[in-house]
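Here the structure comes first, spelled out in structure tokens, and everything after it is commentary.
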Amino acid sequence: MSEQQPESVVRAWREVVDTARRSAADGLVVGTSGNVSARVGDLVLVTPSGVPYDRLRPDDAVGVDLTGRQVLGELGPTSELPLHLAVYRETDAAAVVHTHAVHATAVSTLVTEVPLVHYAAAILGGPVRTAAYARYGTPELADAMLVALQGRTGCLLANHGTVTYGATLDQAYERTAQLEWLCRLWLTASAVPGHRPALLTPAQLAEVTEALKGYGQPG
């Protein structure tokens with residue numbers, strides 16, 4: 001970073017880059033597709049447009065304010081900036097991950113809601129919806145995404161990919177990984193000739209949602 005930045009910004013940018021590289025290593029994006037962001041106060045750090053993640057350096061940080069005005073860095077922000085900013089405006093998110101994960105994207109072409117084939121849907125707030133198709137980088141896509149995200153922490157984008165958010169980049173990324181796995185599971189089960197996957201009921205999912213409130217180690 002050309003100017004001395006607060007440690008919180010330096011750390012957040014490092015996490016943005018690490019998460020973007022992780023999404024590529026895990027096969028959730030190809031090339032420069034997908035994008036990652038993190039919010040620090042009124043600053044949104046976001047991956048730049050068209051730059052391979054393995055080439056990003058500490059001095060390449062890109063930051064915008066909540067209106068989208070660039071206030072940090074020389075590289076242009078991702079073309080999906082409207083999508084990220086919409087999440088921050090409408091939720092309490094501190095991190096957003098957008099990918100082109102193969103199985104999730106395939107499912108986005110088939111259904112308007114991911115079938116309840118596993119309780120992992122509870123991690124995302126319930127049955128995962130598919131946002132109506134709109135061209136990438138447009139306000140229309142951001143609007144469609146917000147509709148699909150109501151009451152959820154992740155959604156599919158029709159014929160496009162995934163969006164998840166969280167309180168941290170680790171949490172947002174975990175939700176992306178769970179969503180991709182859930183879609184892969186449904187596609188695998190659906191491919192068995194002569195059989196249809198058994199699905200959970202809304203009541204069964206609600207039971208899991210309640211149980212998850214006490215999941216993990218005590219804080």
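Convention: chains lettered A, B, ... in structure tokens order; per-chain residue numbering from 1; ligands numbered from 1 as shown.
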Next item on the list: Please identify which residues in segment 57-92 of chain A DSSP calls strand (DSSP E) from the backbone, and express them as a list of chain:residue names.
Entry: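 Across segment 57-92 of chain A, those assigned strand (DSSP E) are A:Gly63, A:Val64, A:Gln70, A:Val71, A:Leu72.
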Write out as a PDB file with N, CA, C and O atoms, in the first residue's frame which residues come within 10 Å of Val44 of chain A when counting only C-alpha atoms, dropping same-chain ones fewer than 4 positions away.
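The resulting file, out_20.pdb, is reproduced below:
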ATOM      1  N   VAL A   9      -6.819  -2.464   8.183  1.00  0.00           N
ATOM      2  CA  VAL A   9      -6.951  -2.460   6.727  1.00  0.00           C
ATOM      3  C   VAL A   9      -5.905  -3.378   6.102  1.00  0.00           C
ATOM      4  O   VAL A   9      -6.208  -4.150   5.185  1.00  0.00           O
ATOM      5  N   ALA A  12      -7.037  -6.912   6.738  1.00  0.00           N
ATOM      6  CA  ALA A  12      -8.210  -7.275   5.944  1.00  0.00           C
ATOM      7  C   ALA A  12      -7.840  -7.509   4.487  1.00  0.00           C
ATOM      8  O   ALA A  12      -8.335  -8.449   3.853  1.00  0.00           O
ATOM      9  N   TRP A  13      -6.950  -6.682   3.944  1.00  0.00           N
ATOM     10  CA  TRP A  13      -6.529  -6.886   2.556  1.00  0.00           C
ATOM     11  C   TRP A  13      -5.794  -8.218   2.395  1.00  0.00           C
ATOM     12  O   TRP A  13      -6.015  -8.955   1.433  1.00  0.00           O
ATOM     13  N   SER A  37     -14.529  -9.650  -1.017  1.00  0.00           N
ATOM     14  CA  SER A  37     -14.424  -8.336  -0.386  1.00  0.00           C
ATOM     15  C   SER A  37     -14.551  -8.462   1.121  1.00  0.00           C
ATOM     16  O   SER A  37     -15.056  -9.458   1.641  1.00  0.00           O
ATOM     17  N   ALA A  38     -14.091  -7.421   1.805  1.00  0.00           N
ATOM     18  CA  ALA A  38     -14.213  -7.333   3.260  1.00  0.00           C
ATOM     19  C   ALA A  38     -14.456  -5.876   3.630  1.00  0.00           C
ATOM     20  O   ALA A  38     -13.880  -4.964   3.024  1.00  0.00           O
ATOM     21  N   ARG A  39     -15.298  -5.674   4.635  1.00  0.00           N
ATOM     22  CA  ARG A  39     -15.614  -4.319   5.070  1.00  0.00           C
ATOM     23  C   ARG A  39     -14.880  -3.991   6.360  1.00  0.00           C
ATOM     24  O   ARG A  39     -14.899  -4.766   7.315  1.00  0.00           O
ATOM     25  N   VAL A  40     -14.241  -2.830   6.370  1.00  0.00           N
ATOM     26  CA  VAL A  40     -13.589  -2.299   7.564  1.00  0.00           C
ATOM     27  C   VAL A  40     -14.163  -0.907   7.795  1.00  0.00           C
ATOM     28  O   VAL A  40     -13.781   0.055   7.125  1.00  0.00           O
ATOM     29  N   VAL A  62      -7.214  -2.491  -3.065  1.00  0.00           N
ATOM     30  CA  VAL A  62      -8.250  -1.688  -3.719  1.00  0.00           C
ATOM     31  C   VAL A  62      -9.368  -1.462  -2.704  1.00  0.00           C
ATOM     32  O   VAL A  62      -9.882  -2.425  -2.118  1.00  0.00           O
ATOM     33  N   GLY A  63      -9.721  -0.206  -2.485  1.00  0.00           N
ATOM     34  CA  GLY A  63     -10.765   0.100  -1.523  1.00  0.00           C
ATOM     35  C   GLY A  63     -11.735   1.140  -2.053  1.00  0.00           C
ATOM     36  O   GLY A  63     -11.339   2.074  -2.760  1.00  0.00           O
ATOM     37  N   VAL A  64     -13.017   0.961  -1.720  1.00  0.00           N
ATOM     38  CA  VAL A  64     -14.049   1.916  -2.102  1.00  0.00           C
ATOM     39  C   VAL A  64     -14.863   2.262  -0.862  1.00  0.00           C
ATOM     40  O   VAL A  64     -14.867   1.517   0.118  1.00  0.00           O
ATOM     41  N   ASP A  65     -15.576   3.387  -0.947  1.00  0.00           N
ATOM     42  CA  ASP A  65     -16.518   3.683   0.135  1.00  0.00           C
ATOM     43  C   ASP A  65     -17.849   2.996  -0.178  1.00  0.00           C
ATOM     44  O   ASP A  65     -17.989   2.312  -1.203  1.00  0.00           O
ATOM     45  N   LEU A  66     -18.832   3.174   0.670  1.00  0.00           N
ATOM     46  CA  LEU A  66     -20.086   2.438   0.512  1.00  0.00           C
ATOM     47  C   LEU A  66     -20.932   2.937  -0.648  1.00  0.00           C
ATOM     48  O   LEU A  66     -21.935   2.310  -1.001  1.00  0.00           O
ATOM     49  N   THR A  67     -20.512   4.051  -1.293  1.00  0.00           N
ATOM     50  CA  THR A  67     -21.184   4.511  -2.506  1.00  0.00           C
ATOM     51  C   THR A  67     -20.506   3.979  -3.758  1.00  0.00           C
ATOM     52  O   THR A  67     -21.002   4.182  -4.870  1.00  0.00           O
ATOM     53  N   GLY A  68     -19.341   3.322  -3.575  1.00  0.00           N
ATOM     54  CA  GLY A  68     -18.602   2.799  -4.714  1.00  0.00           C
ATOM     55  C   GLY A  68     -17.473   3.691  -5.188  1.00  0.00           C
ATOM     56  O   GLY A  68     -16.769   3.343  -6.141  1.00  0.00           O
ATOM     57  N   GLN A  70     -13.911   5.037  -5.399  1.00  0.00           N
ATOM     58  CA  GLN A  70     -12.614   4.458  -5.042  1.00  0.00           C
ATOM     59  C   GLN A  70     -11.805   5.437  -4.205  1.00  0.00           C
ATOM     60  O   GLN A  70     -11.622   6.594  -4.566  1.00  0.00           O
ATOM     61  N   VAL A  71     -11.341   4.940  -3.063  1.00  0.00           N
ATOM     62  CA  VAL A  71     -10.586   5.783  -2.135  1.00  0.00           C
ATOM     63  C   VAL A  71      -9.220   5.193  -1.817  1.00  0.00           C
ATOM     64  O   VAL A  71      -8.438   5.813  -1.105  1.00  0.00           O
ATOM     65  N   LEU A  72      -8.931   4.014  -2.352  1.00  0.00           N
ATOM     66  CA  LEU A  72      -7.651   3.366  -2.076  1.00  0.00           C
ATOM     67  C   LEU A  72      -7.223   2.542  -3.281  1.00  0.00           C
ATOM     68  O   LEU A  72      -8.020   1.781  -3.824  1.00  0.00           O
ATOM     69  N   LEU A  81     -18.664  -5.014  -8.347  1.00  0.00           N
ATOM     70  CA  LEU A  81     -18.749  -4.130  -7.189  1.00  0.00           C
ATOM     71  C   LEU A  81     -20.198  -3.846  -6.758  1.00  0.00           C
ATOM     72  O   LEU A  81     -20.481  -3.842  -5.550  1.00  0.00           O
ATOM     73  N   HIS A  84     -21.402  -6.578  -4.366  1.00  0.00           N
ATOM     74  CA  HIS A  84     -20.810  -6.521  -3.026  1.00  0.00           C
ATOM     75  C   HIS A  84     -21.412  -5.382  -2.205  1.00  0.00           C
ATOM     76  O   HIS A  84     -21.776  -5.560  -1.037  1.00  0.00           O
ATOM     77  N   LEU A  85     -21.508  -4.205  -2.812  1.00  0.00           N
ATOM     78  CA  LEU A  85     -22.021  -3.056  -2.077  1.00  0.00           C
ATOM     79  C   LEU A  85     -23.475  -3.256  -1.672  1.00  0.00           C
ATOM     80  O   LEU A  85     -23.886  -2.818  -0.592  1.00  0.00           O
ATOM     81  N   TYR A  88     -23.544  -5.211   1.540  1.00  0.00           N
ATOM     82  CA  TYR A  88     -23.161  -4.408   2.705  1.00  0.00           C
ATOM     83  C   TYR A  88     -24.241  -3.393   3.086  1.00  0.00           C
ATOM     84  O   TYR A  88     -24.416  -3.082   4.262  1.00  0.00           O
ATOM     85  N   ALA A  94     -19.710  -8.466   6.997  1.00  0.00           N
ATOM     86  CA  ALA A  94     -18.377  -7.871   7.017  1.00  0.00           C
ATOM     87  C   ALA A  94     -17.494  -8.498   5.946  1.00  0.00           C
ATOM     88  O   ALA A  94     -16.344  -8.092   5.779  1.00  0.00           O
ATOM     89  N   ALA A  95     -18.033  -9.485   5.210  1.00  0.00           N
ATOM     90  CA  ALA A  95     -17.262 -10.157   4.170  1.00  0.00           C
ATOM     91  C   ALA A  95     -18.210 -10.781   3.155  1.00  0.00           C
ATOM     92  O   ALA A  95     -19.290 -11.263   3.517  1.00  0.00           O
TER      93      ALA A  95
END
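Among the candidates A:Val192, A:Arg69, A:Glu15, A:Ala86, the one nearest to Thr138 of chain A when counting only C-alpha atoms is A:Ala86.
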Item checked: 12 Å contact set for Arg22 of chain A, only C-alpha atoms, chain neighbours under 5 positions out, as a PyMOL selection string -> chain A and resi 15-17+27-30+34-36+53-54+97+99+169-170+173-174+176-177
Could you save those same residues with N, CA, C and O atoms as a short mmCIF file (atom, residue, chain, number, x, y, z; two decimals), in the first residue's frame?
data_model
loop_
_atom_site.label_atom_id
_atom_site.label_comp_id
_atom_site.auth_asym_id
_atom_site.auth_seq_id
_atom_site.Cartn_x
_atom_site.Cartn_y
_atom_site.Cartn_z
N GLU A 15 -6.30 -10.85 4.13
CA GLU A 15 -7.31 -11.91 4.19
C GLU A 15 -8.11 -11.99 2.90
O GLU A 15 -8.49 -13.08 2.46
N VAL A 16 -8.39 -10.84 2.28
CA VAL A 16 -9.08 -10.83 0.99
C VAL A 16 -8.27 -11.60 -0.05
O VAL A 16 -8.79 -12.45 -0.78
N VAL A 17 -6.98 -11.28 -0.12
CA VAL A 17 -6.11 -11.95 -1.10
C VAL A 17 -6.01 -13.45 -0.80
O VAL A 17 -6.11 -14.29 -1.71
N GLY A 27 -10.73 -24.78 -6.63
CA GLY A 27 -11.47 -25.00 -7.86
C GLY A 27 -12.82 -24.31 -7.92
O GLY A 27 -13.67 -24.67 -8.74
N LEU A 28 -13.06 -23.32 -7.07
CA LEU A 28 -14.33 -22.61 -7.07
C LEU A 28 -14.37 -21.48 -8.09
O LEU A 28 -15.44 -20.95 -8.40
N VAL A 29 -13.21 -21.09 -8.60
CA VAL A 29 -13.11 -20.10 -9.67
C VAL A 29 -12.02 -20.55 -10.64
O VAL A 29 -11.17 -21.38 -10.31
N VAL A 30 -12.07 -19.98 -11.83
CA VAL A 30 -11.05 -20.24 -12.85
C VAL A 30 -10.52 -18.91 -13.32
O VAL A 30 -11.29 -17.98 -13.59
N GLY A 34 -14.84 -14.68 -10.33
CA GLY A 34 -15.15 -14.58 -8.92
C GLY A 34 -14.50 -13.35 -8.31
O GLY A 34 -13.65 -12.69 -8.92
N ASN A 35 -14.89 -13.03 -7.09
CA ASN A 35 -14.31 -11.88 -6.39
C ASN A 35 -14.62 -11.98 -4.91
O ASN A 35 -15.53 -12.70 -4.49
N VAL A 36 -13.84 -11.25 -4.13
CA VAL A 36 -13.90 -11.32 -2.66
C VAL A 36 -13.82 -9.90 -2.11
O VAL A 36 -13.11 -9.05 -2.67
N TYR A 53 -5.06 -13.74 -9.04
CA TYR A 53 -4.92 -13.61 -7.60
C TYR A 53 -3.49 -13.84 -7.12
O TYR A 53 -3.06 -13.26 -6.12
N ASP A 54 -2.75 -14.69 -7.81
CA ASP A 54 -1.38 -14.96 -7.36
C ASP A 54 -0.44 -13.80 -7.63
O ASP A 54 0.71 -13.81 -7.17
N VAL A 97 -18.17 -13.35 -0.49
CA VAL A 97 -17.43 -14.20 -1.43
C VAL A 97 -18.34 -14.54 -2.60
O VAL A 97 -19.47 -15.00 -2.40
N THR A 99 -18.30 -16.72 -6.25
CA THR A 99 -17.55 -17.70 -7.04
C THR A 99 -18.37 -18.17 -8.23
O THR A 99 -19.56 -17.89 -8.35
N LEU A 169 -14.36 -13.37 6.72
CA LEU A 169 -14.11 -14.03 5.44
C LEU A 169 -14.10 -15.55 5.60
O LEU A 169 -14.56 -16.27 4.71
N ASP A 170 -13.60 -16.04 6.72
CA ASP A 170 -13.62 -17.48 6.95
C ASP A 170 -15.06 -18.00 6.96
O ASP A 170 -15.36 -19.06 6.39
N TYR A 173 -16.55 -17.84 3.43
CA TYR A 173 -15.98 -18.88 2.57
C TYR A 173 -16.52 -20.26 2.95
O TYR A 173 -16.81 -21.08 2.08
N GLU A 174 -16.67 -20.51 4.23
CA GLU A 174 -17.23 -21.79 4.68
C GLU A 174 -18.64 -21.96 4.11
O GLU A 174 -19.02 -23.07 3.69
N THR A 176 -19.76 -20.68 1.33
CA THR A 176 -19.60 -20.98 -0.09
C THR A 176 -19.27 -22.45 -0.30
O THR A 176 -19.85 -23.11 -1.16
N ALA A 177 -18.33 -22.95 0.50
CA ALA A 177 -17.93 -24.36 0.37
C ALA A 177 -19.10 -25.29 0.67
O ALA A 177 -19.30 -26.31 -0.02
#
Return as an mmCIF file with C-alpha atoms, in the first residue's frame the full set of residues in segment 77-187 of chain A whose backbone-based DSSP assignment is alpha helix (DSSP H).
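Written out: part.cif:
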data_model
loop_
_atom_site.group_PDB
_atom_site.id
_atom_site.type_symbol
_atom_site.label_atom_id
_atom_site.label_comp_id
_atom_site.auth_asym_id
_atom_site.auth_seq_id
_atom_site.Cartn_x
_atom_site.Cartn_y
_atom_site.Cartn_z
ATOM 1 C CA LEU A 81 -18.749 -4.130 -7.189
ATOM 2 C CA PRO A 82 -22.522 -3.365 -7.253
ATOM 3 C CA LEU A 83 -23.194 -6.880 -5.972
ATOM 4 C CA HIS A 84 -20.810 -6.521 -3.026
ATOM 5 C CA LEU A 85 -22.021 -3.056 -2.077
ATOM 6 C CA ALA A 86 -25.649 -4.201 -2.167
ATOM 7 C CA VAL A 87 -24.877 -6.898 0.398
ATOM 8 C CA TYR A 88 -23.161 -4.408 2.705
ATOM 9 C CA ARG A 89 -26.007 -1.910 2.398
ATOM 10 C CA GLU A 90 -28.740 -4.419 3.182
ATOM 11 C CA VAL A 102 -19.116 -25.661 -11.012
ATOM 12 C CA HIS A 103 -21.758 -27.729 -9.217
ATOM 13 C CA ALA A 104 -23.548 -24.743 -7.737
ATOM 14 C CA THR A 105 -23.580 -22.985 -11.091
ATOM 15 C CA ALA A 106 -24.934 -26.126 -12.748
ATOM 16 C CA VAL A 107 -27.739 -26.281 -10.186
ATOM 17 C CA SER A 108 -28.515 -22.603 -10.819
ATOM 18 C CA PRO A 139 -27.634 -3.138 -10.688
ATOM 19 C CA GLU A 140 -30.271 -5.582 -11.929
ATOM 20 C CA LEU A 141 -28.126 -8.515 -10.830
ATOM 21 C CA ALA A 142 -27.565 -6.926 -7.419
ATOM 22 C CA ASP A 143 -31.315 -6.384 -7.019
ATOM 23 C CA ALA A 144 -32.141 -9.974 -8.006
ATOM 24 C CA MET A 145 -29.508 -11.231 -5.580
ATOM 25 C CA LEU A 146 -31.008 -9.268 -2.686
ATOM 26 C CA VAL A 147 -34.403 -10.846 -3.325
ATOM 27 C CA ALA A 148 -32.857 -14.325 -3.223
ATOM 28 C CA LEU A 149 -30.858 -13.484 -0.086
ATOM 29 C CA LEU A 169 -14.110 -14.030 5.442
ATOM 30 C CA ASP A 170 -13.623 -17.483 6.948
ATOM 31 C CA GLN A 171 -17.347 -17.699 7.671
ATOM 32 C CA ALA A 172 -18.342 -16.423 4.229
ATOM 33 C CA TYR A 173 -15.981 -18.883 2.572
ATOM 34 C CA GLU A 174 -17.232 -21.787 4.675
ATOM 35 C CA ARG A 175 -20.765 -20.988 3.533
ATOM 36 C CA THR A 176 -19.596 -20.979 -0.089
ATOM 37 C CA ALA A 177 -17.934 -24.362 0.365
ATOM 38 C CA GLN A 178 -21.040 -25.790 2.033
ATOM 39 C CA LEU A 179 -23.270 -24.472 -0.758
ATOM 40 C CA GLU A 180 -21.072 -26.016 -3.443
ATOM 41 C CA TRP A 181 -21.041 -29.329 -1.560
ATOM 42 C CA LEU A 182 -24.815 -29.247 -1.134
ATOM 43 C CA CYS A 183 -25.299 -28.711 -4.861
ATOM 44 C CA ARG A 184 -22.821 -31.435 -5.720
ATOM 45 C CA LEU A 185 -24.651 -33.819 -3.403
ATOM 46 C CA TRP A 186 -28.030 -33.122 -5.009
ATOM 47 C CA LEU A 187 -26.644 -33.522 -8.525
#
Next item on the list: Provide the atom CA of Leu156 of chain A to atom CA of Asp18 of chain A distance in Å, to one decimal place.
Entry: 23.0 Å
Next item on the list: Can you work out which one of A:Gly194, A:Gly161, A:Gly137, A:Pro77 has the shortest atom-to-atom distance to Ser49 of chain A, counting only C-alpha atoms?
Entry: A:Pro77
